[in-house]
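Enquirer: My structure is in my_file20.txt, and what it holds is compact mmCIF, C-alpha atoms:
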# COMPACT_ATOMS: atom_id res chain seq x y z
CA ARG T 111 0.00 0.00 0.00
CA GLU T 112 1.12 3.51 -0.73
CA LEU T 113 -0.04 6.54 1.27
CA ILE T 114 -1.49 9.06 -1.14
CA TYR T 115 -2.71 11.81 1.17
CA THR T 116 -3.03 12.62 4.84
CA HIS T 117 -5.42 15.23 6.16
CA LYS T 118 -5.16 16.44 9.74
CA GLY T 119 -8.49 17.64 11.10
CA ASN T 120 -9.27 20.24 13.72
CA PRO T 121 -8.25 19.63 17.33
CA LEU T 122 -10.83 17.65 19.29
CA ILE T 123 -11.70 20.61 21.53
CA GLU T 124 -12.74 22.63 18.45
CA ILE T 125 -14.99 19.78 17.32
CA ILE T 126 -16.50 19.53 20.82
CA ASN T 127 -17.12 23.29 20.87
CA GLN T 128 -18.98 23.14 17.55
CA THR T 129 -20.87 20.01 18.57
CA ASN T 130 -22.12 21.54 21.81
CA SER T 131 -22.70 25.04 20.47
CA ARG T 132 -24.50 24.15 17.24
CA SER T 133 -25.73 20.65 18.17
CA VAL T 134 -23.94 18.92 15.29
CA ASN T 135 -25.30 15.38 15.57
CA LEU T 136 -22.96 14.00 12.90
CA PHE T 137 -19.92 15.09 14.95
CA ALA T 138 -21.41 13.51 18.09
CA GLU T 139 -21.92 10.21 16.27
CA HIS T 140 -18.36 10.19 14.97
CA MET T 141 -16.92 10.98 18.39
CA ILE T 142 -18.39 7.70 19.66
CA SER T 143 -16.46 5.84 16.97
CA LEU T 144 -13.34 7.89 17.72
CA ILE T 145 -13.54 6.90 21.40
CA GLY T 146 -13.59 3.23 20.39
CA TYR T 147 -10.71 3.70 17.99
CA GLU T 148 -8.52 5.72 20.36
CA LYS T 149 -8.94 3.24 23.21
CA THR T 150 -8.92 -0.09 21.34
CA LYS T 151 -8.10 0.57 17.66
CA ASN T 152 -11.66 -0.64 16.97
CA GLY T 153 -13.68 2.33 15.75
CA SER T 154 -17.03 0.58 15.79
CA HIS T 155 -20.09 2.29 17.16
CA GLU T 156 -20.64 -0.57 19.63
CA LYS T 157 -17.06 -0.41 20.96
CA GLY T 158 -17.31 3.34 21.51
CA LEU T 159 -20.61 3.01 23.38
CA SER T 160 -19.17 0.22 25.53
CA ILE T 161 -16.17 2.36 26.50
CA LEU T 162 -18.44 5.33 27.20
CA LYS T 163 -20.61 3.23 29.51
CA ASN T 164 -17.59 1.81 31.36
CA HIS T 165 -16.09 5.28 31.76
CA TRP T 166 -19.20 6.82 33.30
CA SER T 167 -20.08 3.78 35.44
CA SER T 168 -17.18 4.61 37.77
CA ARG T 169 -18.15 8.29 38.00
CA ILE T 170 -21.96 8.46 38.17
CA ASP T 171 -24.86 6.14 38.92
CA ILE T 172 -25.76 4.67 35.53
CA ASN T 173 -28.74 2.60 36.68
CA GLY T 174 -31.50 3.20 34.14
CA LEU T 175 -29.12 4.91 31.69
CA TYR T 176 -29.39 3.60 28.13
CA ILE T 177 -27.34 5.16 25.36
CA ASN T 178 -27.66 3.76 21.85
CA ASP T 179 -26.08 6.55 19.82
CA GLY T 180 -23.83 9.58 20.12
CA SER T 181 -26.31 12.21 19.00
CA GLY T 182 -29.16 11.44 21.39
CA LEU T 183 -31.62 10.96 18.52
CA SER T 184 -32.33 7.27 19.14
CA ARG T 185 -35.78 6.67 20.60
CA SER T 186 -34.13 3.80 22.54
CA ASN T 187 -32.05 6.22 24.63
CA ALA T 188 -33.08 6.69 28.25
CA ILE T 189 -31.27 9.44 30.12
CA SER T 190 -32.83 11.06 33.16
CA ALA T 191 -32.40 14.59 34.47
CA HIS T 192 -30.60 12.97 37.42
CA HIS T 193 -28.06 11.38 35.05
CA PHE T 194 -27.43 14.75 33.40
CA THR T 195 -27.02 16.62 36.67
CA GLN T 196 -24.62 13.97 38.00
CA LEU T 197 -22.56 14.30 34.82
CA LEU T 198 -22.61 18.11 35.04
CA LYS T 199 -21.58 18.02 38.69
CA TYR T 200 -18.71 15.66 37.85
CA MET T 201 -17.59 17.81 34.92
CA SER T 202 -17.57 20.95 37.09
CA THR T 203 -14.73 19.44 39.15
CA SER T 204 -12.88 17.57 36.41
CA LYS T 205 -9.59 18.70 34.89
CA TYR T 206 -11.61 19.64 31.79
CA ALA T 207 -14.13 21.77 33.72
CA ASP T 208 -13.19 25.09 32.13
CA GLN T 209 -13.05 23.73 28.57
CA PHE T 210 -16.37 21.93 29.00
CA TYR T 211 -18.09 24.99 30.46
CA LYS T 212 -16.82 27.19 27.62
CA SER T 213 -18.09 24.67 25.03
CA LEU T 214 -21.71 25.21 26.06
CA PRO T 215 -23.80 27.88 24.31
CA ILE T 216 -24.82 30.93 26.33
CA ALA T 217 -28.49 31.86 26.78
CA GLY T 218 -29.46 34.86 24.68
CA VAL T 219 -26.01 35.01 23.09
CA SER T 220 -24.69 31.98 21.21
CA GLY T 221 -25.36 28.70 19.47
CA THR T 222 -28.60 26.83 20.08
CA MET T 223 -29.22 29.04 23.14
CA SER T 224 -29.05 32.37 21.24
CA ASN T 225 -32.84 32.80 21.29
CA VAL T 226 -33.43 31.40 24.77
CA CYS T 227 -33.98 34.02 27.53
CA LYS T 228 -32.89 36.78 25.14
CA GLY T 229 -33.39 40.10 26.96
CA GLN T 230 -34.52 38.26 30.10
CA SER T 231 -32.97 37.46 33.50
CA GLY T 232 -31.49 34.21 32.20
CA GLN T 233 -29.48 35.87 29.42
CA ASN T 234 -25.74 35.36 30.02
CA ARG T 235 -26.54 33.43 33.23
CA ILE T 236 -27.33 30.06 31.66
CA VAL T 237 -25.03 27.86 29.59
CA ALA T 238 -26.60 24.66 28.36
CA LYS T 239 -26.73 21.96 25.72
CA SER T 240 -30.13 21.71 24.12
CA GLY T 241 -31.83 18.69 22.66
CA SER T 242 -35.08 18.33 20.80
CA MET T 243 -37.16 15.89 18.81
CA ASN T 244 -40.89 15.72 18.06
CA ARG T 245 -42.73 16.43 21.35
CA ILE T 246 -39.41 16.45 23.26
CA LYS T 247 -37.30 19.40 24.39
CA SER T 248 -34.46 19.37 26.87
CA TYR T 249 -31.73 21.57 28.26
CA ALA T 250 -28.89 20.56 30.57
CA GLY T 251 -26.21 22.88 31.84
CA TYR T 252 -25.36 25.45 34.45
CA ALA T 253 -27.21 28.49 35.76
CA THR T 254 -25.44 31.25 37.65
CA THR T 255 -27.75 32.96 40.11
CA LYS T 256 -27.77 36.71 40.62
CA GLU T 257 -25.84 36.03 43.86
CA GLY T 258 -23.14 34.18 41.88
CA LYS T 259 -24.01 30.62 42.88
CA LYS T 260 -23.49 28.10 40.05
CA LEU T 261 -26.19 25.42 39.80
CA ALA T 262 -26.27 22.34 37.58
CA PHE T 263 -29.69 21.66 36.07
CA ALA T 264 -31.47 19.45 33.58
CA LEU T 265 -34.95 20.11 32.29
CA ILE T 266 -36.51 17.45 30.07
CA VAL T 267 -40.04 17.54 28.67
CA ASN T 268 -41.37 14.41 26.99
CA ASN T 269 -44.67 14.09 25.11
CA ALA T 270 -45.28 17.84 25.06
CA THR T 271 -48.82 18.72 24.09
CA CYS T 272 -47.96 22.23 22.93
CA GLY T 273 -45.76 23.47 20.11
CA SER T 274 -42.01 23.89 20.44
CA SER T 275 -42.20 27.69 20.56
CA LEU T 276 -44.71 27.75 23.43
CA LEU T 277 -42.78 25.03 25.25
CA LYS T 278 -39.59 27.10 25.01
CA LYS T 279 -41.41 30.11 26.50
CA LYS T 280 -42.64 27.99 29.40
CA MET T 281 -39.13 26.69 30.01
CA GLU T 282 -37.74 30.24 29.91
CA VAL T 283 -40.02 31.15 32.82
CA LEU T 284 -38.35 28.42 34.87
CA PHE T 285 -34.84 29.41 33.73
CA ASN T 286 -35.47 33.00 34.80
CA LYS T 287 -36.67 31.79 38.21
CA ILE T 288 -33.59 29.58 38.62
CA VAL T 289 -31.19 32.49 38.10
CA SER T 290 -33.23 34.56 40.57
CA TYR T 291 -32.94 31.79 43.18
CA ASN T 292 -31.82 33.13 46.54
CA PRO T 293 -31.37 30.49 49.24
CA ILE T 294 -32.28 31.67 52.71
Kindly return the structure encoded in the file as structure tokens.
Expert:
Amino acid sequence: RELIYTHKGNPLIEIINQTNSRSVNLFAEHMISLIGYEKTKNGSHEKGLSILKNHWSSRIDINGLYINDGSGLSRSNAISAHHFTQLLKYMSTSKYADQFYKSLPIAGVSGTMSNVCKGQSGQNRIVAKSGSMNRIKSYAGYATTKEGKKLAFALIVNNATCGSSLLKKKMEVLFNKIVSYNPI
């Protein structure tokens, strides 16, 4: 065999930033295969998911967690708000905490959050990854209260009976209350 061409792609952190900011499902799917390849030289989807599950099983409670793809679009996935908040709490103390936090879009400012809480209390105070499918909308990330306390949150709505636009407005009400939270 003769090597004809080699192309070096962007650094992984740049791919993660785009994936989280713009919700690029294709990148998320390929990262699962990359995980498998980097750890075992087997870039199969199944190997990547297996490594992902083993990795998180020693860091969070994975009971009831079912991940069948990298993008989150599989109807066979089952991830609770508790799973997300455990992951977010873990990431806030990991050696990658700053990079992870900066990869998330900012409410009212950037990425998939640019139109969430725009001109409201939650603007610039919430960073979160969004997810949506028919009748499903979710956000998981961090909210910084007006007093400066950082909170991990996950809000998942399944089987919504209203349209996506109205659902987003209802969720914004909650986001604005979260950032106004003042523990006694």
Enquirer: Which residues are near Tyr291 in chain T? Cut-off 12 Å, only C-alpha atoms, ignore same chain within fewer than 5 positions. Put them as a PyMOL selection string.
Expert: chain T and resi 231-232+235+253-261+284-286
Enquirer: Using only C-alpha atoms, which residue out of T:Cys227, T:Ser275, T:Ala270, T:Arg245 lies closest to Ile288 in chain T?
Expert: T:Cys227
Enquirer: Between CA of Arg169 in chain T and CA of Tyr200 in chain T, what is the distance, to one decimal in Å?
Expert: 7.4 Å
Enquirer: What's around Ile142 in chain T at 7 Å? Count only C-alpha atoms, leave out sequence neighbours fewer than 6 positions away in its own chain, and write the answer as a ChimeraX atom specification.
Expert: /T:155,158-159,180
Enquirer: For each of T:Ala262, T:Ala250, T:Ala138, T:Leu277, take the minimum atom-to-atom distance to Ser202 in chain T, counting all atoms listed in the file, then give the residue where this is smallest.
Expert: T:Ala262
Enquirer: So, counting only C-alpha atoms, which residue among T:Thr271, T:Ser181, T:Thr116, T:Thr222 is closest to Leu136 in chain T?
Expert: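 The answer is T:Ser181, which sits nearest to Leu136 in chain T.
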Enquirer: From the set T:Met243, T:Leu265, T:Val289, T:Met281, which residue has the shortest atom-to-atom contact distance to Leu183 in chain T, counting all atoms listed in the file?
Expert: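 So, comparing all the options, the nearest one is T:Met243.
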Enquirer: Which residues are near Leu175 in chain T? Cut-off 9 Å, only C-alpha atoms, ignore same chain within fewer than 5 positions. Put them as a ChimeraX atom specification.
Expert: /T:163,187-190,193
Enquirer: Just C-alpha atoms for this one: save the residues we selected as a short mmCIF file (atom, residue, chain, number, x, y, z; two decimals), in the frame of the given file.
Expert:
data_model
loop_
_atom_site.label_atom_id
_atom_site.label_comp_id
_atom_site.auth_asym_id
_atom_site.auth_seq_id
_atom_site.Cartn_x
_atom_site.Cartn_y
_atom_site.Cartn_z
CA LYS T 163 -20.61 3.23 29.51
CA ASN T 187 -32.05 6.22 24.63
CA ALA T 188 -33.08 6.69 28.25
CA ILE T 189 -31.27 9.44 30.12
CA SER T 190 -32.83 11.06 33.16
CA HIS T 193 -28.06 11.38 35.05
#
Enquirer: So which one's closest to Asn130 in chain T, T:Gln209, T:Asn225, T:Gln230, T:Ser160? Using only C-alpha atoms, please.
Expert: T:Gln209
Enquirer: Find the residues near Ser184 in chain T: any atom within 12 Å, counting all atoms listed in the file, skip ones fewer than 6 places away on the same chain, and give them as an MDAnalysis selection string.
Expert: chainID T and resid 135 139 176:178 241:243
Enquirer: So, with all atoms listed in the file as the atoms that count, which of T:Gly153, T:Asn268, T:Ser131, T:Met141 lies closest to Ala217 in chain T?
Expert: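 Looking only at the distances to Ala217 in chain T, the closest residue turns out to be T:Ser131.
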Enquirer: Got a sec to write range 155-230 of chain T of the block to a file, C-alpha atoms, as a CSV table (one decimal), in the first residue's frame?
Expert:
chain,number,residue,atom,x,y,z
T,155,HIS,CA,-20.1,2.3,17.2
T,156,GLU,CA,-20.6,-0.6,19.6
T,157,LYS,CA,-17.1,-0.4,21.0
T,158,GLY,CA,-17.3,3.3,21.5
T,159,LEU,CA,-20.6,3.0,23.4
T,160,SER,CA,-19.2,0.2,25.5
T,161,ILE,CA,-16.2,2.4,26.5
T,162,LEU,CA,-18.4,5.3,27.2
T,163,LYS,CA,-20.6,3.2,29.5
T,164,ASN,CA,-17.6,1.8,31.4
T,165,HIS,CA,-16.1,5.3,31.8
T,166,TRP,CA,-19.2,6.8,33.3
T,167,SER,CA,-20.1,3.8,35.4
T,168,SER,CA,-17.2,4.6,37.8
T,169,ARG,CA,-18.2,8.3,38.0
T,170,ILE,CA,-22.0,8.5,38.2
T,171,ASP,CA,-24.9,6.1,38.9
T,172,ILE,CA,-25.8,4.7,35.5
T,173,ASN,CA,-28.7,2.6,36.7
T,174,GLY,CA,-31.5,3.2,34.1
T,175,LEU,CA,-29.1,4.9,31.7
T,176,TYR,CA,-29.4,3.6,28.1
T,177,ILE,CA,-27.3,5.2,25.4
T,178,ASN,CA,-27.7,3.8,21.9
T,179,ASP,CA,-26.1,6.5,19.8
T,180,GLY,CA,-23.8,9.6,20.1
T,181,SER,CA,-26.3,12.2,19.0
T,182,GLY,CA,-29.2,11.4,21.4
T,183,LEU,CA,-31.6,11.0,18.5
T,184,SER,CA,-32.3,7.3,19.1
T,185,ARG,CA,-35.8,6.7,20.6
T,186,SER,CA,-34.1,3.8,22.5
T,187,ASN,CA,-32.1,6.2,24.6
T,188,ALA,CA,-33.1,6.7,28.2
T,189,ILE,CA,-31.3,9.4,30.1
T,190,SER,CA,-32.8,11.1,33.2
T,191,ALA,CA,-32.4,14.6,34.5
T,192,HIS,CA,-30.6,13.0,37.4
T,193,HIS,CA,-28.1,11.4,35.1
T,194,PHE,CA,-27.4,14.7,33.4
T,195,THR,CA,-27.0,16.6,36.7
T,196,GLN,CA,-24.6,14.0,38.0
T,197,LEU,CA,-22.6,14.3,34.8
T,198,LEU,CA,-22.6,18.1,35.0
T,199,LYS,CA,-21.6,18.0,38.7
T,200,TYR,CA,-18.7,15.7,37.9
T,201,MET,CA,-17.6,17.8,34.9
T,202,SER,CA,-17.6,20.9,37.1
T,203,THR,CA,-14.7,19.4,39.2
T,204,SER,CA,-12.9,17.6,36.4
T,205,LYS,CA,-9.6,18.7,34.9
T,206,TYR,CA,-11.6,19.6,31.8
T,207,ALA,CA,-14.1,21.8,33.7
T,208,ASP,CA,-13.2,25.1,32.1
T,209,GLN,CA,-13.1,23.7,28.6
T,210,PHE,CA,-16.4,21.9,29.0
T,211,TYR,CA,-18.1,25.0,30.5
T,212,LYS,CA,-16.8,27.2,27.6
T,213,SER,CA,-18.1,24.7,25.0
T,214,LEU,CA,-21.7,25.2,26.1
T,215,PRO,CA,-23.8,27.9,24.3
T,216,ILE,CA,-24.8,30.9,26.3
T,217,ALA,CA,-28.5,31.9,26.8
T,218,GLY,CA,-29.5,34.9,24.7
T,219,VAL,CA,-26.0,35.0,23.1
T,220,SER,CA,-24.7,32.0,21.2
T,221,GLY,CA,-25.4,28.7,19.5
T,222,THR,CA,-28.6,26.8,20.1
T,223,MET,CA,-29.2,29.0,23.1
T,224,SER,CA,-29.0,32.4,21.2
T,225,ASN,CA,-32.8,32.8,21.3
T,226,VAL,CA,-33.4,31.4,24.8
T,227,CYS,CA,-34.0,34.0,27.5
T,228,LYS,CA,-32.9,36.8,25.1
T,229,GLY,CA,-33.4,40.1,27.0
T,230,GLN,CA,-34.5,38.3,30.1
